[in-house]
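Undergrad: Following this message is one structure expressed as structure tokens.
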Amino acid sequence: MDLKRKQKFLVEAVYITVILALIYVTFKFFIPLIFPFVLGFIIAFAFKPLIRKMTTKLKLPNKLSALIVIGLFYLILLTITILLGIEVFLYLKDFFIEIPQLYNNVLVPWLSNVLVSLEKLASQIDPNLVDQVRLYSQQILESLGNLITSFSVGSVGFITGFATKVPMFLVGFLLTVISSFFIAMDYQLIVNFLLDQVSPSKRSLLIEAQLFLVSTLHKYAKSYLMIMSITFVELTIGFSILGIESAIVVAFLISIFDILPIAGTGGVMIPWMVFTFLEGNSSLGFGLLIIYLVVTVIRNIIEPKIIGDQVGLHPLLTLFAMYIGVQLFGVAGLFGFPISLAILNGLHRNHKIVLYRQHQEPEVIQPEVAGE
């Protein structure tokens, strides 16, 4: 019996390992190859209800409704991208122009005063230390100048590297646009073809998984809307206390930026803090630092809890899934891994698949009373 149990365990372990390896290879290497078409399918799927509603109410052909809806979506997306792109370009242009001025007019004088104070302090402690302090001061200034130069060269290199990727990005974007139009116009035909390739039992499982996917995405959107609202309230209160002009507008823009998993609030707050300290406004800089720390700590605490409650996962499991996902697949894994786990958990609870053993309380047998 022990041998059979061990053999069964090894077979199941190998089976699970192979499945996990196939999933990893699929999402790590295969999905990126066909990503424009996957994204096109997701866009077509997202606008399917609106296309169906337009077709029914306006009595339009389904393909014409798909053409109008998807076309309007890309028109709005292109408009927003252009407007934001112009703003980002102007901001970066001003940023790179102001760096040398901040270095020469703010940072160097401030650092020189600090070094002079250190020399005076050294002369009071030991006159022999003055020469060493001056030597270190020159090295610090030279290192800082080299850092600014390296930053400028690195920025140019980054822009050049980004420019080389633009053609491939445009090709991928064009394929996404074209594929989303074709998929939206023949969505049901494509879905029926894909479902015909699997057995009836697997087909019902896929349909059930799709329902859980839609439900999970709605819950995810609701979760991040709640997180964004909490961040907005925190920033509004903090900025109002600091007396920042248009605190509500600034807090709203930063809370929207906070949705981005890599940049987050720090993508705006950290550069803001650095420039504030360089300009000599230490009180505002420390105030922004406190706000940033409070927002970051609260978000790290509430994010797993809110998302876990919405999608039906324990907060610890949600945090674990987010960490593993970002380690394996980057930003896509940060969202995709918890969503996939929530879908699998939903299928398990509906007894479509078996993922784990459910703990059952042992039945308590009441002892019989003598004489009954």
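Residues are referred to by chain and number: the chain letter is A, B, ... according to the order shown in the structure tokens, the number counts from 1 in that chain, and ligands are numbered separately from 1 in the order shown.
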Report as JSON lines the residues of segment 161-272 of chain A within 8 Å of segment 50-72 of chain A, each with its shortest atom pair and distance in Å (one decimal), using only C-alpha atoms, ordered by chain and increasing residue number.

TA:
```
{"residue": "A:Ser180", "atom": "CA", "partner": "A:Ile70", "partner_atom": "CA", "distance": 7.6}
{"residue": "A:Phe181", "atom": "CA", "partner": "A:Leu67", "partner_atom": "CA", "distance": 6.5}
{"residue": "A:Ala184", "atom": "CA", "partner": "A:Ala66", "partner_atom": "CA", "distance": 5.6}
{"residue": "A:Met185", "atom": "CA", "partner": "A:Lys63", "partner_atom": "CA", "distance": 4.5}
{"residue": "A:Asp186", "atom": "CA", "partner": "A:Lys63", "partner_atom": "CA", "distance": 7.3}
```

Undergrad: Find the spatial neighbours of segment 294-310 of chain A, counting only C-alpha atoms, within a cut-off of 8 Å - ignore same-chain residues fewer than 6 positions away - and output them as a list of chain:residue names.

TA: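 Residues meeting the cut-off are A:Lys219, A:Tyr220, A:Ser223, A:Tyr224, A:Ile227, A:Thr231, A:Glu234, A:Leu235, A:Thr265, A:Leu316, A:Leu317, A:Thr318, A:Leu319.
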
Undergrad: Which is closer to Val38 of chain A than all the others in A:Leu129, A:Leu175, A:Val166, A:Ala21, using only C-alpha atoms?

TA: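 Nearest to Val38 of chain A: A:Leu175.
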
Undergrad: Figure out the distance between atom CA of Leu77 of chain A and atom CA of Gly325 of chain A, please, to one decimal in Å.

TA: 27.9 Å

Undergrad: In terms of the shortest atom-to-atom distance over only C-alpha atoms, which of A:Trp110, A:Tyr292, A:Tyr24, A:Phe169 is closest to Gly266 of chain A?

TA: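 Residue with the minimum atom-to-atom distance to Gly266 of chain A: A:Tyr292.
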
Undergrad: List the neighbours of Phe337 of chain A out to 6 Å using only C-alpha atoms; skip same-chain residues closer than 2 positions along the sequence, and give me the result as a PyMOL selection string.

TA: chain A and resi 321+325+333+335+339-340

Undergrad: Can you write out the residues you just picked, keeping C-alpha atoms, as an mmCIF file, in the first residue's frame?

TA:
```cif
data_model
loop_
_atom_site.group_PDB
_atom_site.id
_atom_site.type_symbol
_atom_site.label_atom_id
_atom_site.label_comp_id
_atom_site.auth_asym_id
_atom_site.auth_seq_id
_atom_site.Cartn_x
_atom_site.Cartn_y
_atom_site.Cartn_z
ATOM 1 C CA ALA A 321 -0.669 35.531 -6.169
ATOM 2 C CA GLY A 325 2.574 36.850 -10.811
ATOM 3 C CA GLY A 333 1.219 38.773 -13.932
ATOM 4 C CA PHE A 335 -3.174 41.397 -12.502
ATOM 5 C CA ILE A 339 -7.578 36.849 -11.770
ATOM 6 C CA SER A 340 -6.674 33.358 -13.005
#
```

Undergrad: Distance atom CA of Gln139 of chain A-atom CA of Ser112 of chain A, one decimal place?

TA: 12.3 Å

Undergrad: Nearest to Ala251 of chain A among A:Gly238, A:Gly330, A:Pro167, A:Gly85, with distances taken over only C-alpha atoms: which residue is it?

TA: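 Nearest to Ala251 of chain A: A:Gly238.
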